Each structure stands twice: as structure tokens, then as C-alpha cells.
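Enquirer: Take a look at the following structure, please.
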Amino acid sequence: MAGGPRGPGGEACAACGAGVARYYCSICHLMDDTEGRDIYHCPFCNVCRRGKGLGIDFFHCMQCNSCMSMSLFRRHRCRANALDSDCPVCHDDLFESSEPVKELPCGHFLHLGCFRDLTRHSYQCPVCKKSVGDMSLYFRMIDAILQQEQRTMPGAFQDRAQGILCNDCGKSGTAGFHFVYHKCSHCASYNTRLVD
């Protein structure tokens, strides 16, 4: 065998005592020698994670059963085993991922990078279709567009109404006819869909 006999796993070489890596976990037997990379072992998740450590830049939520960024402390919505699922965008496992995870207002989680990619072309949660943030400014812009279009709407469509279901508040109602935009009369959202 090249390199000589293998010794037991550890933070130092059993033969000469030299350090093996900058980071070594005696539980996971994970070794990492990447300069500038912070890694810590979470005793609750029972895995090593990227970061400075619990109480520094991460905390472990016992109800969600996962480590989360300190920026979510007191702000996240607890759900049992919330990260025990796949990212709805890339389908990679969220619990074991080394990528930062983002919680949406609806309580669903996805990778931060996947969130950035998603919001380039959509403002809906890929799981429940609720808006992924405060869309009030965007919805006011649509109000202004529709006000301008109202003057050019053919007469046959001006008094016509359509049944809608709002993805944000979950209520049914009616909205004036339009080919694309349908405003919820309950919460003023345009995140709606047509119903019969």
C-alpha cells in the first residue's frame, strides 16, 4: 500500500503526531484543511456544518430540528422537522446542505441561491404559490397600468367579471375582466388565479 500503513482516524498522525487538517471532528470523522473555512459540529443535528458555531452565527431550533442563521432568530416560523425535505427548486436535501437556506413568509424553505434564481422570473413560492415578499409596490404599478388600459378596453369586456381565487389570502371573489391581471378585492393582491 502506497504511503505506508493506515492508522486510526484522528486529528493527528498516529505515527509522527503531525496535525492532519485544520478542522477535525471526532464524531463525524470529517477533516477539512481549507483555509478560511469555518466548520462546527452541531450536537443536536449530529452533523458538521459550515459556520463559526452555535450562538455565534447559527442557532439550533429544537422544534424545527435544524441549525438556522442567527438572522432568523425570533423571526422564523417553527414547523416540526421543517428542513427535513428537499429544496423545491433544485430538489437537493435541505437538512444536509452546506448552502444557506432562506425561509419564505409562508414558512417554506429553499436555498438562498435558488431563491435568487426563482425571483428573477417569479414572485410565487414554488410550493404554495403565495407571494415571496411584500409585493404592494408592484401591485400598485399594475393598478396604474390597468387604469390606463381601462380607456382602451373593448366595450364588450368593460362590464364583464371573472371568478378568482387569491393565492395570498385564500379567499374567492370576482374581478373585472382582463387578459392577465385580476385583483383580489379582499387583500388587493394580483397573485390570483381564475376559477369557474
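Note on naming: chains are A, B, ... as they come in the C-alpha cells, residues start from 1 per chain, ligands start from 1 in the order shown.
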Hey, what does DSSP flag as alpha helix (DSSP H) within segment 109-183 of chain A? Can you give it to me as a list in words?

Expert: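 Residues of segment 109-183 of chain A classed as alpha helix (DSSP H): Leu112, Gly113, Cys114, Phe115, Arg116, Asp117, Leu118, Ser136, Leu137, Tyr138, Phe139, Arg140, Met141, Ile142, Asp143, Ala144, Ile145, Leu146, Gln147, Gln148, Glu149, Gln150, Gly155, Ala156, Phe157 and Gln158 of chain A.
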
Enquirer: Excluding segment 99-114 of chain A and its own-chain neighbours fewer than 4 positions away, which residues fall within 12 Å of it when counting only C-alpha atoms? Please give them as JSON, numbers by chain.

Expert: {"A": [49, 50, 51, 57, 58, 64, 66, 67, 68, 69, 70, 71, 72, 73, 75, 76, 77, 78, 79, 80, 81, 82, 83, 84, 85, 86, 87, 88, 89, 90, 91, 92, 93, 94, 95, 118, 119, 120, 121, 122, 123, 124, 125, 126, 127, 128, 129, 130, 131, 132, 133, 134, 167, 168, 169]}

Enquirer: For a quick check of understanding, using only C-alpha atoms, which of A:Asp143, A:Asp117, A:Asp33, A:Glu96 has the smallest distance to Lys183 of chain A?

Expert: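 Between A:Asp143, A:Asp117, A:Asp33, A:Glu96, the residue approaching Lys183 of chain A most closely is A:Asp143.
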
Enquirer: Enumerate as a PyMOL selection string all residues of segment 59-176 of chain A assigned to strand (DSSP E or B) by DSSP on the backbone, naming them with the chain letters and numbers the document uses.

Expert: chain A and resi 59-61+66-69+86+93+101-103+109-111+124+131+161-166+172-176

Enquirer: Go ahead and write the residues just picked, C-alpha atoms, as an mmCIF file, in the first residue's frame.

Expert:
data_model
loop_
_atom_site.group_PDB
_atom_site.id
_atom_site.type_symbol
_atom_site.label_atom_id
_atom_site.label_comp_id
_atom_site.auth_asym_id
_atom_site.auth_seq_id
_atom_site.Cartn_x
_atom_site.Cartn_y
_atom_site.Cartn_z
ATOM 1 C CA PHE A 59 -28.642 28.571 16.415
ATOM 2 C CA HIS A 60 -30.363 25.209 16.633
ATOM 3 C CA CYS A 61 -34.175 25.336 16.677
ATOM 4 C CA SER A 66 -32.194 22.159 12.381
ATOM 5 C CA CYS A 67 -29.479 24.807 12.559
ATOM 6 C CA MET A 68 -30.501 28.208 11.225
ATOM 7 C CA SER A 69 -28.805 31.535 10.721
ATOM 8 C CA ASP A 86 -35.831 18.839 -0.451
ATOM 9 C CA ASP A 93 -31.774 17.846 0.585
ATOM 10 C CA VAL A 101 -31.263 28.361 3.454
ATOM 11 C CA LYS A 102 -33.962 31.054 3.186
ATOM 12 C CA GLU A 103 -37.339 30.932 4.894
ATOM 13 C CA PHE A 109 -37.658 26.859 2.922
ATOM 14 C CA LEU A 110 -35.333 26.832 -0.076
ATOM 15 C CA HIS A 111 -31.667 27.507 -0.767
ATOM 16 C CA GLN A 124 -44.560 32.988 -6.004
ATOM 17 C CA SER A 131 -46.087 35.860 -2.697
ATOM 18 C CA ALA A 161 -66.377 39.915 -14.311
ATOM 19 C CA GLN A 162 -64.393 36.751 -13.674
ATOM 20 C CA GLY A 163 -64.306 34.420 -10.681
ATOM 21 C CA ILE A 164 -60.904 34.335 -8.970
ATOM 22 C CA LEU A 165 -59.128 32.644 -6.074
ATOM 23 C CA CYS A 166 -56.378 34.599 -4.310
ATOM 24 C CA SER A 172 -62.609 33.655 -3.537
ATOM 25 C CA GLY A 173 -64.190 36.603 -5.266
ATOM 26 C CA THR A 174 -64.690 38.315 -8.594
ATOM 27 C CA ALA A 175 -62.510 40.721 -10.545
ATOM 28 C CA GLY A 176 -63.079 42.846 -13.603
#

Enquirer: Write out as a ChimeraX atom specification the residues lying within 9 Å of segment 144-160 of chain A, counting only C-alpha atoms and excluding same-chain residues fewer than 3 positions away.

Expert: /A:139-141,175-178,181

Enquirer: Keeping only N, CA and C atoms, take the residues you just selected and write them out as an mmCIF file, in the first residue's frame.

Expert:
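Here's the written file result_13.cif:
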data_model
loop_
_atom_site.group_PDB
_atom_site.id
_atom_site.type_symbol
_atom_site.label_atom_id
_atom_site.label_comp_id
_atom_site.auth_asym_id
_atom_site.auth_seq_id
_atom_site.Cartn_x
_atom_site.Cartn_y
_atom_site.Cartn_z
ATOM 1 N N PHE A 139 -47.828 45.732 -7.108
ATOM 2 C CA PHE A 139 -49.278 45.698 -7.342
ATOM 3 C C PHE A 139 -49.831 47.098 -7.621
ATOM 4 N N ARG A 140 -49.259 48.123 -7.002
ATOM 5 C CA ARG A 140 -49.683 49.498 -7.306
ATOM 6 C C ARG A 140 -49.305 49.888 -8.732
ATOM 7 N N MET A 141 -48.173 49.380 -9.211
ATOM 8 C CA MET A 141 -47.783 49.627 -10.605
ATOM 9 C C MET A 141 -48.787 48.990 -11.556
ATOM 10 N N ALA A 175 -63.346 39.604 -10.100
ATOM 11 C CA ALA A 175 -62.510 40.721 -10.545
ATOM 12 C C ALA A 175 -62.965 41.121 -11.933
ATOM 13 N N GLY A 176 -62.744 42.376 -12.264
ATOM 14 C CA GLY A 176 -63.079 42.846 -13.603
ATOM 15 C C GLY A 176 -62.267 42.100 -14.640
ATOM 16 N N PHE A 177 -62.847 41.965 -15.825
ATOM 17 C CA PHE A 177 -62.191 41.202 -16.890
ATOM 18 C C PHE A 177 -60.864 41.840 -17.283
ATOM 19 N N HIS A 178 -59.857 40.994 -17.437
ATOM 20 C CA HIS A 178 -58.584 41.375 -18.028
ATOM 21 C C HIS A 178 -57.942 40.102 -18.551
ATOM 22 N N TYR A 181 -54.276 40.357 -15.622
ATOM 23 C CA TYR A 181 -54.303 40.764 -14.217
ATOM 24 C C TYR A 181 -55.707 40.721 -13.624
#
